[in-house]
Amino acid sequence: MAEQPVPEAALLAQVLAAANSEAPSLRTTRRGSQPAARGTEDSKPPALLSRRNSILSRRSSFGMVPGSRRPSLGPGMLHRHVSFSGLPIFQPILKTRLENTYRMGPDKGCKFDAERVQRVLEGTLARALGSSVYSPQGNAPLAQSLTELLQNQAKEVVPPRYKLVCHVVLGQQGQQGLLVASRGLWDPETDSFASATFSNASLFAVATVYGLYFE
Amino acid sequence: MEEFQTGEEASFLVDEVSSIIKEAIEGAIGGNAYQHSKVNQWTTSVVEQTLSQLTKLGKPFKYIVTCVIMQKNGAGLHTASSCFWDNSSDGTCTVRWENKTMYCIVSAFGLAL
């Protein structure tokens with residue numbers, strides 16, 4: 001087990017390749033010589049996890065400055081933790097101590113702009129479904145991909161610190177009646193929603209995006 | 001600041017919410033047939049009943065409840081939702097209900113404060 005200095009990028013690639021399986025060589029290069037630890041792999045979970053934590057903390061420092069508000073459970077962060085290597089990364093549940101931001105509400109002019117989001121929704125729906133025909137098998141994944149697409153589009157126009165819920169109803173155009181209703185319990189000054197509909201000869205779609213301020 | 005540490009009560013319990021939704025649906029449209037004139041009133045009562053029961057749980061959550069009622073006429077329907085939130089504290093629950101003349105799909109989203 002020769003210990004050679006491994007550059008950080010290569011180490012990260014190794015983590016990706018090894019994923020959850022414990023690679024002994026990885027451990028030794030990271031923590032110095034530990035020949036005694038070979039036999040007792042189970043007794044070293046904290047060490048392994050601390051290694052993983054340090055790698056992840058380095059990764060998260062790409063986007064955010066550590067030290068100031070750095071919640072490990074902030075909105076959006078967990079998304080990346082799950083999908084980064086394709087496997088869930090099990091971290092110890094740390095009690096995060098959030099620093100006080102002294103913010104009571106969104107900044108002035110930084111509220112959820114319902115009209116803007118509605119325009120975005122209408123445009124996206126028209127582009128995505130313009131010439132589609134309803135098909136029972138194809139429409140299930142289409143509905144899911146449509147929500148992802150709408151959510152990504154909405155994220156771009158919505159101010160930060162907002163959680164989003166995007167709901168899409170996609171159906172076949174027949175002679176039926178349909179009603180979509182919703183009600184929310186939220187802070188009406190900061191939270192709102194936007195919805196748009198689209199229909200052509202064979203299908204209809206109703207999309208709603210709710211934006212809730214999260215402090 | 002101490003009261004905002006997550007305790008056992010501040011989590012979205014899917015089973016509990018699911019039973020609340022089912023009761024609300026049964027209460028509002030339990031034995032009825034689809035009637036275009038009444039559907040507005042039905043969706044409102046389903047949503048209001050669900051929301052009021054959810055608030056009675058007393059958890060520090062913001063809620064969104066969506067209800068879709070569709071007449072059974074042979075047409076197909078898909079619903080999907082995607083959410084940008086904190087996976088560990090927020091959750092959702094969807095209940096599908098039907099009778100001979102209509103489908104009812106209710107989704108409840110809970111977002112922690």
# chains A, B, ... in the order shown; residues from 1 in each chain; ligands from 1
$ residues_around --residues "B:His36" --least-positions-apart "5" --cutoff "12 Å" --atoms "only C-alpha atoms" --output "list in words"
Gln176, Gly177, Leu178 and Leu179 of chain A; Gln41, Trp42, Thr43, Ile69, Met70, Gln71, Thr101 and Met102 of chain B
$ write_last_selection --atoms "N, CA, C and O atoms" --output "JSON list (two decimals), in the first residue's frame"
[["chain", "number", "residue", "atom", "x", "y", "z"],
["A", 176, "GLN", "N", -65.68, 15.47, -21.68],
["A", 176, "GLN", "CA", -65.90, 15.44, -20.24],
["A", 176, "GLN", "C", -65.74, 16.83, -19.65],
["A", 176, "GLN", "O", -65.18, 17.73, -20.25],
["A", 177, "GLY", "N", -66.24, 16.96, -18.46],
["A", 177, "GLY", "CA", -66.03, 18.19, -17.70],
["A", 177, "GLY", "C", -64.93, 17.96, -16.70],
["A", 177, "GLY", "O", -64.69, 16.85, -16.24],
["A", 178, "LEU", "N", -64.22, 19.03, -16.37],
["A", 178, "LEU", "CA", -63.09, 18.90, -15.45],
["A", 178, "LEU", "C", -62.95, 20.18, -14.68],
["A", 178, "LEU", "O", -63.16, 21.28, -15.22],
["A", 179, "LEU", "N", -62.61, 20.07, -13.42],
["A", 179, "LEU", "CA", -62.34, 21.27, -12.62],
["A", 179, "LEU", "C", -61.11, 21.03, -11.78],
["A", 179, "LEU", "O", -60.98, 20.00, -11.14],
["B", 41, "GLN", "N", -68.63, 23.69, -6.09],
["B", 41, "GLN", "CA", -68.87, 23.62, -4.65],
["B", 41, "GLN", "C", -68.17, 22.42, -4.04],
["B", 41, "GLN", "O", -67.62, 22.49, -2.95],
["B", 42, "TRP", "N", -68.13, 21.30, -4.75],
["B", 42, "TRP", "CA", -67.49, 20.11, -4.22],
["B", 42, "TRP", "C", -65.99, 20.30, -4.07],
["B", 42, "TRP", "O", -65.42, 19.97, -3.03],
["B", 43, "THR", "N", -65.37, 20.83, -5.11],
["B", 43, "THR", "CA", -63.92, 21.01, -5.00],
["B", 43, "THR", "C", -63.60, 21.96, -3.86],
["B", 43, "THR", "O", -62.66, 21.73, -3.09],
["B", 69, "ILE", "N", -61.28, 17.20, -10.16],
["B", 69, "ILE", "CA", -62.44, 16.32, -10.30],
["B", 69, "ILE", "C", -62.75, 16.22, -11.78],
["B", 69, "ILE", "O", -62.88, 17.23, -12.47],
["B", 70, "MET", "N", -62.82, 14.99, -12.26],
["B", 70, "MET", "CA", -63.09, 14.80, -13.68],
["B", 70, "MET", "C", -64.21, 13.80, -13.89],
["B", 70, "MET", "O", -64.27, 12.77, -13.24],
["B", 71, "GLN", "N", -65.05, 14.13, -14.83],
["B", 71, "GLN", "CA", -66.17, 13.25, -15.15],
["B", 71, "GLN", "C", -65.66, 12.02, -15.89],
["B", 71, "GLN", "O", -64.73, 12.11, -16.68],
["B", 101, "THR", "N", -69.18, 7.70, -11.58],
["B", 101, "THR", "CA", -69.32, 8.78, -12.57],
["B", 101, "THR", "C", -68.16, 9.76, -12.60],
["B", 101, "THR", "O", -68.09, 10.58, -13.51],
["B", 102, "MET", "N", -67.28, 9.71, -11.64],
["B", 102, "MET", "CA", -66.20, 10.69, -11.67],
["B", 102, "MET", "C", -64.94, 10.21, -10.95],
["B", 102, "MET", "O", -64.98, 9.30, -10.14]]
$ residues_around --residues "B:Gly31" --least-positions-apart "2" --cutoff "12 Å" --atoms "only C-alpha atoms" --output "PyMOL selection string"
chain B and resi 25-29+33-34+98-102
$ write_last_selection --atoms "N, CA and C atoms" --output "mmCIF file, in the first residue's frame"
data_model
loop_
_atom_site.group_PDB
_atom_site.id
_atom_site.type_symbol
_atom_site.label_atom_id
_atom_site.label_comp_id
_atom_site.auth_asym_id
_atom_site.auth_seq_id
_atom_site.Cartn_x
_atom_site.Cartn_y
_atom_site.Cartn_z
ATOM 1 N N ILE B 25 -62.822 13.843 1.243
ATOM 2 C CA ILE B 25 -63.456 13.494 -0.031
ATOM 3 C C ILE B 25 -64.767 12.769 0.224
ATOM 4 N N GLU B 26 -64.719 11.785 1.123
ATOM 5 C CA GLU B 26 -65.938 11.017 1.397
ATOM 6 C C GLU B 26 -67.029 11.940 1.904
ATOM 7 N N GLY B 27 -66.651 12.855 2.743
ATOM 8 C CA GLY B 27 -67.645 13.757 3.309
ATOM 9 C C GLY B 27 -68.270 14.662 2.267
ATOM 10 N N ALA B 28 -67.457 15.114 1.311
ATOM 11 C CA ALA B 28 -67.981 16.108 0.371
ATOM 12 C C ALA B 28 -68.710 15.472 -0.807
ATOM 13 N N ILE B 29 -68.130 14.423 -1.402
ATOM 14 C CA ILE B 29 -68.741 13.889 -2.620
ATOM 15 C C ILE B 29 -69.042 12.414 -2.513
ATOM 16 N N ALA B 33 -73.279 11.689 -7.813
ATOM 17 C CA ALA B 33 -72.917 11.528 -9.211
ATOM 18 C C ALA B 33 -72.452 12.879 -9.739
ATOM 19 N N TYR B 34 -71.665 12.825 -10.809
ATOM 20 C CA TYR B 34 -71.094 14.062 -11.340
ATOM 21 C C TYR B 34 -72.196 15.017 -11.799
ATOM 22 N N GLU B 98 -62.403 7.354 -6.747
ATOM 23 C CA GLU B 98 -63.336 7.371 -7.858
ATOM 24 C C GLU B 98 -64.641 6.739 -7.440
ATOM 25 N N ASN B 99 -65.685 7.114 -8.171
ATOM 26 C CA ASN B 99 -66.912 6.359 -8.049
ATOM 27 C C ASN B 99 -67.405 6.091 -9.467
ATOM 28 N N LYS B 100 -68.669 5.808 -9.650
ATOM 29 C CA LYS B 100 -69.106 5.357 -10.981
ATOM 30 C C LYS B 100 -69.068 6.467 -12.016
ATOM 31 N N THR B 101 -69.182 7.703 -11.576
ATOM 32 C CA THR B 101 -69.319 8.784 -12.566
ATOM 33 C C THR B 101 -68.164 9.756 -12.596
ATOM 34 N N MET B 102 -67.276 9.710 -11.636
ATOM 35 C CA MET B 102 -66.196 10.694 -11.667
ATOM 36 C C MET B 102 -64.937 10.212 -10.945
#
$ select_by_dssp --residues "chain B" --states "alpha helix (DSSP H)" --output "JSON, numbers by chain"
{"B": [14, 15, 16, 17, 18, 19, 20, 21, 22, 23, 24, 25, 26, 27, 28, 29, 39, 40, 41, 42, 43, 44, 45, 46, 47, 48, 49, 50, 51, 52, 53, 54, 55, 56]}
$ closest_atom_pairs --of "chain B" --to "chain A" --cutoff "9 Å" --atoms "only C-alpha atoms" --output "tab-separated table"
residue	atom	partner	partner_atom	distance
B:Met1	CA	A:Asn100	CA	8.9
B:Gln5	CA	A:Lys95	CA	8.1
B:His36	CA	A:Gly177	CA	7.1
B:Val39	CA	A:Leu179	CA	7.2
B:Asn40	CA	A:Leu179	CA	7.3
B:Thr43	CA	A:Ala181	CA	6.2
B:Thr44	CA	A:Ala181	CA	7.1
B:Val47	CA	A:Arg183	CA	6.4
B:Glu48	CA	A:Arg183	CA	7.4
B:Leu51	CA	A:Leu185	CA	7.4
B:Thr55	CA	A:Leu185	CA	8.3
B:Phe61	CA	A:Leu185	CA	8.6
B:Lys62	CA	A:Trp186	CA	5.4
B:Tyr63	CA	A:Leu185	CA	5.0
B:Ile64	CA	A:Gly184	CA	4.1
B:Val65	CA	A:Ser182	CA	5.4
B:Thr66	CA	A:Ser182	CA	4.0
B:Cys67	CA	A:Ala181	CA	5.1
B:Val68	CA	A:Val180	CA	4.4
B:Ile69	CA	A:Leu179	CA	5.5
B:Met70	CA	A:Leu178	CA	4.5
B:Gln71	CA	A:Gln176	CA	5.6
B:Lys72	CA	A:Gln176	CA	7.0
B:Asn73	CA	A:Gln176	CA	5.7
B:Gly74	CA	A:Gly174	CA	7.8
B:Ala75	CA	A:Gln172	CA	5.4
B:Gly76	CA	A:Gln172	CA	5.2
B:Leu77	CA	A:Gly171	CA	4.0
B:His78	CA	A:Leu170	CA	4.9
B:Thr79	CA	A:Val169	CA	4.3
B:Ala80	CA	A:Val168	CA	5.2
B:Ser81	CA	A:His167	CA	4.2
B:Ser82	CA	A:Cys166	CA	5.2
B:Cys83	CA	A:Val165	CA	4.4
B:Phe84	CA	A:Leu164	CA	4.9
B:Trp85	CA	A:Pro75	CA	5.0
B:Asp86	CA	A:Pro75	CA	4.8
B:Asn87	CA	A:Leu78	CA	6.7
B:Ser88	CA	A:Leu73	CA	7.7
B:Phe109	CA	A:Val165	CA	8.1
B:Leu111	CA	A:Lys163	CA	8.3
B:Ala112	CA	A:Phe214	CA	8.5
B:Leu113	CA	A:Phe214	CA	6.7
$ atom_distance --atom1 "atom CA of B:Lys22" --atom2 "atom CA of B:Gln53"
11.5 Å
